[in-house]
>>> print(open('run-v1.csv').read())   # CSV, C-alpha atoms
chain,number,residue,atom,x,y,z
A,1117,THR,CA,151.1,112.1,105.2
A,1118,GLN,CA,147.7,112.0,103.7
A,1119,LEU,CA,145.2,114.3,105.4
A,1120,LEU,CA,141.5,114.6,104.9
A,1121,GLU,CA,139.9,117.8,106.2
A,1122,GLN,CA,136.2,118.0,106.6
A,1123,SER,CA,134.1,121.1,107.0
A,1124,PRO,CA,132.2,122.2,108.8
A,1125,GLN,CA,133.3,120.4,112.0
A,1126,PHE,CA,129.9,121.0,113.6
A,1127,LEU,CA,126.5,121.7,112.2
A,1128,SER,CA,123.2,122.2,113.9
A,1129,ILE,CA,120.2,122.8,111.7
A,1130,GLN,CA,116.5,122.7,111.7
A,1131,GLU,CA,114.5,119.8,110.3
A,1132,GLY,CA,113.8,120.4,106.6
A,1133,GLU,CA,116.9,122.4,105.9
A,1134,ASN,CA,119.6,121.4,103.3
A,1135,LEU,CA,123.2,121.1,104.1
A,1136,THR,CA,126.5,120.2,102.4
A,1137,VAL,CA,129.6,118.7,104.1
A,1138,TYR,CA,133.0,118.9,102.4
A,1139,CYS,CA,136.0,116.6,102.4
A,1140,ASN,CA,139.2,118.0,101.1
A,1141,SER,CA,142.7,116.7,100.6
A,1142,SER,CA,145.9,117.5,98.7
A,1143,SER,CA,146.3,113.8,98.0
A,1144,VAL,CA,144.7,111.8,95.2
A,1145,PHE,CA,142.7,108.8,96.3
A,1146,SER,CA,141.7,105.7,94.4
A,1147,SER,CA,138.3,105.8,96.0
A,1148,LEU,CA,136.5,107.7,98.7
A,1149,GLN,CA,133.9,106.6,101.1
A,1150,TRP,CA,131.4,108.3,103.3
A,1151,TYR,CA,130.3,106.8,106.7
A,1152,ARG,CA,127.9,107.8,109.4
A,1153,GLN,CA,128.6,106.9,113.0
A,1154,GLU,CA,126.2,106.9,116.0
A,1155,PRO,CA,127.6,107.3,119.5
A,1156,GLY,CA,129.1,104.1,120.9
A,1157,GLU,CA,128.9,102.2,117.5
A,1158,GLY,CA,131.2,101.6,114.6
A,1159,PRO,CA,130.8,103.7,111.4
A,1160,VAL,CA,128.3,102.4,108.8
A,1161,LEU,CA,129.2,102.8,105.1
A,1162,LEU,CA,126.9,105.1,103.1
A,1163,VAL,CA,128.6,105.1,99.7
A,1164,THR,CA,131.8,104.6,97.8
A,1165,VAL,CA,132.9,106.7,94.9
A,1166,VAL,CA,135.7,105.7,92.6
A,1167,THR,CA,135.5,107.8,89.5
A,1168,GLY,CA,136.5,111.5,89.3
A,1169,GLY,CA,133.4,113.6,88.9
A,1170,GLU,CA,131.1,110.7,89.9
A,1171,VAL,CA,127.8,111.6,91.5
A,1172,LYS,CA,125.8,109.1,93.6
A,1173,LYS,CA,122.5,109.5,95.2
A,1174,LEU,CA,121.1,107.6,98.2
A,1175,LYS,CA,117.6,108.9,98.9
A,1176,ARG,CA,118.0,112.4,100.2
A,1177,LEU,CA,121.8,112.2,100.2
A,1178,THR,CA,123.9,113.2,97.2
A,1179,PHE,CA,127.6,112.4,97.0
A,1180,GLN,CA,130.1,113.8,94.6
A,1181,PHE,CA,133.7,112.9,94.0
A,1182,GLY,CA,135.9,115.7,92.7
A,1183,ASP,CA,137.2,115.5,89.1
A,1184,ALA,CA,140.8,115.2,90.4
A,1185,ARG,CA,139.8,112.7,93.1
A,1186,LYS,CA,141.1,114.9,95.9
A,1187,ASP,CA,137.8,116.0,97.3
A,1188,SER,CA,134.3,115.0,97.9
A,1189,SER,CA,131.0,116.5,99.1
A,1190,LEU,CA,127.9,115.2,100.8
A,1191,HIS,CA,124.7,117.1,100.3
A,1192,ILE,CA,121.6,116.3,102.4
A,1193,THR,CA,118.2,117.5,101.2
A,1194,ALA,CA,115.4,118.2,103.7
A,1195,ALA,CA,117.4,117.0,106.7
A,1196,GLN,CA,115.6,114.9,109.3
A,1197,PRO,CA,116.4,114.3,113.0
A,1198,GLY,CA,117.3,110.7,112.0
A,1199,ASP,CA,120.2,112.2,110.0
A,1200,THR,CA,121.9,113.2,113.2
A,1201,GLY,CA,125.3,111.7,113.6
A,1202,LEU,CA,129.0,111.9,112.9
A,1203,TYR,CA,129.8,111.9,109.2
A,1204,LEU,CA,133.2,110.7,108.1
A,1205,CYS,CA,134.8,110.6,104.8
A,1206,ALA,CA,137.6,108.1,104.2
A,1207,GLY,CA,140.0,108.1,101.4
A,1208,GLY,CA,142.2,105.3,100.2
A,1209,GLY,CA,142.1,102.2,98.2
A,1210,GLY,CA,144.9,101.1,95.9
A,1211,GLY,CA,147.3,98.3,96.7
A,1212,THR,CA,147.2,98.6,100.5
A,1213,TYR,CA,143.4,98.7,100.8
A,1214,LYS,CA,144.1,101.1,103.7
A,1215,TYR,CA,141.7,104.0,104.3
A,1216,ILE,CA,142.4,107.2,106.1
A,1217,PHE,CA,139.5,108.9,107.8
A,1218,GLY,CA,138.7,112.6,107.6
A,1219,THR,CA,138.4,114.9,110.6
A,1220,GLY,CA,134.6,114.3,110.8
A,1221,THR,CA,131.5,116.5,110.8
A,1222,ARG,CA,129.1,116.3,113.6
A,1223,LEU,CA,125.6,117.0,112.5
A,1224,LYS,CA,122.6,117.6,114.7
A,1225,VAL,CA,119.2,118.0,113.1
A,1226,LEU,CA,116.6,119.6,115.4
A,1227,ALA,CA,112.9,118.7,115.2
B,23,GLY,CA,125.8,91.5,104.1
B,24,ALA,CA,129.2,91.2,105.7
B,25,VAL,CA,129.2,91.2,109.5
B,26,VAL,CA,132.1,92.0,111.8
B,27,SER,CA,131.7,91.1,115.4
B,28,GLN,CA,133.9,92.8,118.1
B,29,HIS,CA,134.2,91.8,121.7
B,30,PRO,CA,134.0,92.9,124.4
B,31,SER,CA,131.8,96.0,123.9
B,32,TRP,CA,133.3,97.6,126.9
B,33,VAL,CA,136.0,96.8,129.4
B,34,ILE,CA,137.3,98.4,132.6
B,35,CYS,CA,140.7,97.3,133.7
B,36,LYS,CA,143.3,98.3,136.3
B,37,SER,CA,146.5,100.1,135.3
B,38,GLY,CA,149.3,97.7,134.5
B,39,THR,CA,147.0,94.9,133.3
B,40,SER,CA,146.6,93.7,129.7
B,41,VAL,CA,143.3,93.6,127.7
B,42,LYS,CA,142.5,91.6,124.6
B,43,ILE,CA,140.0,92.7,122.1
B,44,GLU,CA,138.7,90.3,119.4
B,45,CYS,CA,137.5,91.1,115.9
B,46,ARG,CA,135.8,88.4,113.9
B,47,SER,CA,134.4,88.3,110.4
B,48,LEU,CA,131.3,86.2,110.7
B,49,ASP,CA,130.4,85.3,107.2
B,50,PHE,CA,133.4,86.0,105.1
B,51,GLN,CA,137.2,85.6,105.2
B,52,ALA,CA,139.3,88.6,105.9
B,53,THR,CA,143.0,88.4,105.1
B,54,THR,CA,143.3,92.0,106.1
B,55,MET,CA,141.7,93.8,109.0
B,56,PHE,CA,142.3,97.3,110.3
B,57,TRP,CA,142.4,98.6,113.9
B,58,TYR,CA,141.4,102.1,114.7
B,59,ARG,CA,141.3,104.2,117.8
B,60,GLN,CA,138.8,107.0,118.4
B,61,PHE,CA,138.9,109.6,121.1
B,62,PRO,CA,135.7,111.3,122.3
B,63,LYS,CA,134.1,113.5,119.6
B,64,GLN,CA,137.0,112.9,117.2
B,65,SER,CA,137.6,110.9,114.1
B,66,LEU,CA,139.1,107.5,113.7
B,67,MET,CA,142.8,107.1,113.7
B,68,LEU,CA,144.3,104.1,112.0
B,69,MET,CA,146.6,102.2,114.3
B,70,ALA,CA,147.6,99.2,112.3
B,71,THR,CA,146.9,96.8,109.5
B,72,SER,CA,146.4,93.3,110.6
B,73,ASN,CA,147.6,90.7,108.1
B,74,GLU,CA,146.6,87.0,108.4
B,75,GLY,CA,149.6,84.8,108.9
B,76,SER,CA,152.1,87.7,109.1
B,77,LYS,CA,153.1,90.6,111.2
B,78,ALA,CA,150.9,93.6,111.5
B,79,THR,CA,151.9,96.9,109.9
B,80,TYR,CA,151.7,99.8,112.3
B,81,GLU,CA,151.2,103.4,111.6
B,82,GLN,CA,153.7,105.9,112.5
B,83,GLY,CA,153.7,106.8,116.2
B,84,VAL,CA,151.9,103.6,117.3
B,85,GLU,CA,153.9,101.4,119.7
B,86,LYS,CA,153.8,97.9,118.4
B,87,ASP,CA,155.0,96.5,121.7
B,88,LYS,CA,152.1,98.1,123.5
B,89,PHE,CA,149.4,97.2,121.0
B,90,LEU,CA,150.0,93.6,120.1
B,91,ILE,CA,148.1,92.4,117.0
B,92,ASN,CA,147.6,88.8,116.1
B,93,HIS,CA,145.8,87.6,113.0
B,94,ALA,CA,146.0,83.8,113.3
B,95,SER,CA,143.1,82.9,111.1
B,96,LEU,CA,141.1,84.2,108.2
B,97,THR,CA,138.3,85.3,110.5
B,98,LEU,CA,139.9,86.5,113.6
B,99,SER,CA,142.2,89.3,114.6
B,100,THR,CA,143.0,90.3,118.1
B,101,LEU,CA,144.4,93.5,119.6
B,102,THR,CA,146.0,93.3,123.0
B,103,VAL,CA,146.7,96.4,124.9
B,104,THR,CA,149.6,95.5,127.2
B,105,SER,CA,150.4,97.2,130.5
B,106,ALA,CA,147.4,99.5,130.0
B,107,HIS,CA,147.5,103.0,131.5
B,108,PRO,CA,144.7,105.6,131.8
B,109,GLU,CA,145.9,107.4,128.6
B,110,ASP,CA,145.1,104.2,126.7
B,111,SER,CA,141.5,104.7,127.6
B,112,SER,CA,139.7,105.1,124.3
B,113,PHE,CA,137.2,103.5,121.8
B,114,TYR,CA,138.9,100.9,119.7
B,115,ILE,CA,137.3,99.7,116.4
B,116,CYS,CA,138.2,97.1,113.9
B,117,SER,CA,137.1,96.8,110.3
B,118,ALA,CA,137.4,94.3,107.4
B,119,ARG,CA,136.3,94.1,103.8
B,120,ASP,CA,134.6,91.2,102.1
B,121,PHE,CA,136.5,90.9,98.8
B,122,GLY,CA,134.0,88.4,97.6
B,123,THR,CA,131.7,91.3,96.8
B,124,GLU,CA,132.0,94.3,94.4
B,125,ASN,CA,131.3,96.6,97.3
B,126,TYR,CA,134.5,98.5,98.1
B,127,GLY,CA,133.2,99.4,101.6
B,128,TYR,CA,134.5,98.2,104.8
B,129,THR,CA,132.4,96.7,107.6
B,130,PHE,CA,133.2,97.9,111.1
B,131,GLY,CA,132.8,96.2,114.4
B,132,SER,CA,130.7,97.8,117.0
B,133,GLY,CA,133.7,99.0,118.9
B,134,THR,CA,135.2,98.4,122.3
B,135,ARG,CA,135.3,101.1,124.9
B,136,LEU,CA,138.3,100.6,127.1
B,137,THR,CA,138.6,102.4,130.4
B,138,VAL,CA,141.8,102.1,132.4
B,139,VAL,CA,141.6,103.0,136.1
>>> encode(input="run-v1.csv", output="structure tokens")
Amino acid sequence: TQLLEQSPQFLSIQEGENLTVYCNSSSVFSSLQWYRQEPGEGPVLLVTVVTGGEVKKLKRLTFQFGDARKDSSLHITAAQPGDTGLYLCAGGGGGTYKYIFGTGTRLKVLA
Amino acid sequence: GAVVSQHPSWVICKSGTSVKIECRSLDFQATTMFWYRQFPKQSLMLMATSNEGSKATYEQGVEKDKFLINHASLTLSTLTVTSAHPEDSSFYICSARDFGTENYGYTFGSGTRLTVV
């Protein structure tokens, strides 16, 4: 069974601080995605990484896919209250197009 | 961009009744859709893969007779929770991917909150 563990589970920080969320697995994934979910809504895709060692930037968010394609990280610079939400990594791809979600990281950014 | 519409947004039903949730891809065709379940403050758990024109593929531990999935067209998948019980109360979300783009990402519906009383 493929499992994706995220850490930390919860994070409460002040506006302007930096943070990193980790997504780890013992399985290799064809691709890995990061989503953000607000309460009562479906997740919204932030990024997809497909190449080992790949780094992608989305404004203040930096995503990295591990060289072995087993892990990933999300770094947020100068967090803002609007970044508050549940961050989910999802690994999968390949022939089944099926994605398994990580355990989630709940972020709260205080003004 | 790709849009997935999910209805209803919320539903309250009595124990023993059945509830149908619809998931539609509005501007693209989806031969495959996925159904997830999410408990409060937890991550998404994949329930099944819905395949257009064929039987759904269920994940281990998911009762296929309880969670009936029908994918009769390229734009519509339905999940029916049969003989619902309070323990079935949860947030159900569908997703689909527009293979017509180079974006590997999946688009999610807005979810259905089911409460069984």
>>> closest_atom_pairs(input="run-v1.csv", of="chain B", to="chain A", cutoff="10 Å", atoms="only C-alpha atoms", output="JSON lines")
{"residue": "B:Gln28", "atom": "CA", "partner": "A:Gly1158", "partner_atom": "CA", "distance": 9.8}
{"residue": "B:Ser31", "atom": "CA", "partner": "A:Gly1156", "partner_atom": "CA", "distance": 9.0}
{"residue": "B:Trp32", "atom": "CA", "partner": "A:Gly1156", "partner_atom": "CA", "distance": 9.8}
{"residue": "B:Thr54", "atom": "CA", "partner": "A:Tyr1213", "partner_atom": "CA", "distance": 8.5}
{"residue": "B:Met55", "atom": "CA", "partner": "A:Lys1214", "partner_atom": "CA", "distance": 9.3}
{"residue": "B:Phe56", "atom": "CA", "partner": "A:Lys1214", "partner_atom": "CA", "distance": 7.8}
{"residue": "B:Tyr58", "atom": "CA", "partner": "A:Phe1217", "partner_atom": "CA", "distance": 9.9}
{"residue": "B:Pro62", "atom": "CA", "partner": "A:Pro1155", "partner_atom": "CA", "distance": 9.5}
{"residue": "B:Lys63", "atom": "CA", "partner": "A:Arg1222", "partner_atom": "CA", "distance": 8.3}
{"residue": "B:Gln64", "atom": "CA", "partner": "A:Gly1220", "partner_atom": "CA", "distance": 7.0}
{"residue": "B:Ser65", "atom": "CA", "partner": "A:Thr1219", "partner_atom": "CA", "distance": 5.4}
{"residue": "B:Leu66", "atom": "CA", "partner": "A:Phe1217", "partner_atom": "CA", "distance": 6.1}
{"residue": "B:Met67", "atom": "CA", "partner": "A:Phe1217", "partner_atom": "CA", "distance": 7.0}
{"residue": "B:Leu68", "atom": "CA", "partner": "A:Ile1216", "partner_atom": "CA", "distance": 6.9}
{"residue": "B:Ala70", "atom": "CA", "partner": "A:Lys1214", "partner_atom": "CA", "distance": 9.5}
{"residue": "B:Thr71", "atom": "CA", "partner": "A:Lys1214", "partner_atom": "CA", "distance": 7.7}
{"residue": "B:Gln82", "atom": "CA", "partner": "A:Thr1117", "partner_atom": "CA", "distance": 9.9}
{"residue": "B:Phe113", "atom": "CA", "partner": "A:Gly1156", "partner_atom": "CA", "distance": 8.2}
{"residue": "B:Tyr114", "atom": "CA", "partner": "A:Gly1158", "partner_atom": "CA", "distance": 9.3}
{"residue": "B:Ile115", "atom": "CA", "partner": "A:Gly1158", "partner_atom": "CA", "distance": 6.6}
{"residue": "B:Cys116", "atom": "CA", "partner": "A:Gly1158", "partner_atom": "CA", "distance": 8.4}
{"residue": "B:Ser117", "atom": "CA", "partner": "A:Gly1158", "partner_atom": "CA", "distance": 8.7}
{"residue": "B:Ala118", "atom": "CA", "partner": "A:Tyr1213", "partner_atom": "CA", "distance": 9.9}
{"residue": "B:Arg119", "atom": "CA", "partner": "A:Tyr1213", "partner_atom": "CA", "distance": 9.0}
{"residue": "B:Asn125", "atom": "CA", "partner": "A:Thr1164", "partner_atom": "CA", "distance": 8.0}
{"residue": "B:Tyr126", "atom": "CA", "partner": "A:Thr1164", "partner_atom": "CA", "distance": 6.7}
{"residue": "B:Gly127", "atom": "CA", "partner": "A:Leu1161", "partner_atom": "CA", "distance": 6.3}
{"residue": "B:Tyr128", "atom": "CA", "partner": "A:Leu1161", "partner_atom": "CA", "distance": 7.0}
{"residue": "B:Thr129", "atom": "CA", "partner": "A:Val1160", "partner_atom": "CA", "distance": 7.1}
{"residue": "B:Phe130", "atom": "CA", "partner": "A:Gly1158", "partner_atom": "CA", "distance": 5.5}
{"residue": "B:Gly131", "atom": "CA", "partner": "A:Gly1158", "partner_atom": "CA", "distance": 5.6}
{"residue": "B:Ser132", "atom": "CA", "partner": "A:Gly1158", "partner_atom": "CA", "distance": 4.5}
{"residue": "B:Gly133", "atom": "CA", "partner": "A:Gly1158", "partner_atom": "CA", "distance": 5.6}
{"residue": "B:Thr134", "atom": "CA", "partner": "A:Gly1156", "partner_atom": "CA", "distance": 8.5}
{"residue": "B:Arg135", "atom": "CA", "partner": "A:Gly1156", "partner_atom": "CA", "distance": 8.0}
>>> write_last_selection(input="run-v1.csv", atoms="C-alpha atoms", output="PDB file, in the coordinates of the input")
ATOM      1  CA  GLN B  28     133.900  92.800 118.100  1.00  0.00           C
ATOM      2  CA  SER B  31     131.800  96.000 123.900  1.00  0.00           C
ATOM      3  CA  TRP B  32     133.300  97.600 126.900  1.00  0.00           C
ATOM      4  CA  THR B  54     143.300  92.000 106.100  1.00  0.00           C
ATOM      5  CA  MET B  55     141.700  93.800 109.000  1.00  0.00           C
ATOM      6  CA  PHE B  56     142.300  97.300 110.300  1.00  0.00           C
ATOM      7  CA  TYR B  58     141.400 102.100 114.700  1.00  0.00           C
ATOM      8  CA  PRO B  62     135.700 111.300 122.300  1.00  0.00           C
ATOM      9  CA  LYS B  63     134.100 113.500 119.600  1.00  0.00           C
ATOM     10  CA  GLN B  64     137.000 112.900 117.200  1.00  0.00           C
ATOM     11  CA  SER B  65     137.600 110.900 114.100  1.00  0.00           C
ATOM     12  CA  LEU B  66     139.100 107.500 113.700  1.00  0.00           C
ATOM     13  CA  MET B  67     142.800 107.100 113.700  1.00  0.00           C
ATOM     14  CA  LEU B  68     144.300 104.100 112.000  1.00  0.00           C
ATOM     15  CA  ALA B  70     147.600  99.200 112.300  1.00  0.00           C
ATOM     16  CA  THR B  71     146.900  96.800 109.500  1.00  0.00           C
ATOM     17  CA  GLN B  82     153.700 105.900 112.500  1.00  0.00           C
ATOM     18  CA  PHE B 113     137.200 103.500 121.800  1.00  0.00           C
ATOM     19  CA  TYR B 114     138.900 100.900 119.700  1.00  0.00           C
ATOM     20  CA  ILE B 115     137.300  99.700 116.400  1.00  0.00           C
ATOM     21  CA  CYS B 116     138.200  97.100 113.900  1.00  0.00           C
ATOM     22  CA  SER B 117     137.100  96.800 110.300  1.00  0.00           C
ATOM     23  CA  ALA B 118     137.400  94.300 107.400  1.00  0.00           C
ATOM     24  CA  ARG B 119     136.300  94.100 103.800  1.00  0.00           C
ATOM     25  CA  ASN B 125     131.300  96.600  97.300  1.00  0.00           C
ATOM     26  CA  TYR B 126     134.500  98.500  98.100  1.00  0.00           C
ATOM     27  CA  GLY B 127     133.200  99.400 101.600  1.00  0.00           C
ATOM     28  CA  TYR B 128     134.500  98.200 104.800  1.00  0.00           C
ATOM     29  CA  THR B 129     132.400  96.700 107.600  1.00  0.00           C
ATOM     30  CA  PHE B 130     133.200  97.900 111.100  1.00  0.00           C
ATOM     31  CA  GLY B 131     132.800  96.200 114.400  1.00  0.00           C
ATOM     32  CA  SER B 132     130.700  97.800 117.000  1.00  0.00           C
ATOM     33  CA  GLY B 133     133.700  99.000 118.900  1.00  0.00           C
ATOM     34  CA  THR B 134     135.200  98.400 122.300  1.00  0.00           C
ATOM     35  CA  ARG B 135     135.300 101.100 124.900  1.00  0.00           C
TER      36      ARG B 135
END
>>> residues_near_point(input="run-v1.csv", point="(142.8, 109.2, 123.8)", cutoff="8 Å", atoms="all atoms listed in the file", output="PyMOL selection string")
chain B and resi 59-62+109-112
>>> atom_distance(input="run-v1.csv", atom1="CA of Ser37 (chain B)", atom2="CA of His107 (chain B)")
4.9 Å
>>> residues_around(input="run-v1.csv", residues="Ser1143 (chain A)", least_positions_apart="6", cutoff="12 Å", atoms="only C-alpha atoms", output="JSON, numbers by chain")
{"A": [1117, 1118, 1119, 1120, 1121, 1182, 1184, 1185, 1186, 1187, 1207, 1208, 1216]}
>>> closest_residue(input="run-v1.csv", among="A:Gly1201, A:Thr1136, A:Ser1141, A:Glu1154", to="Gln1180 (chain A)", atoms="only C-alpha atoms")
A:Thr1136
>>> atom_distance(input="run-v1.csv", atom1="CA of Leu98 (chain B)", atom2="CA of His29 (chain B)")
11.2 Å
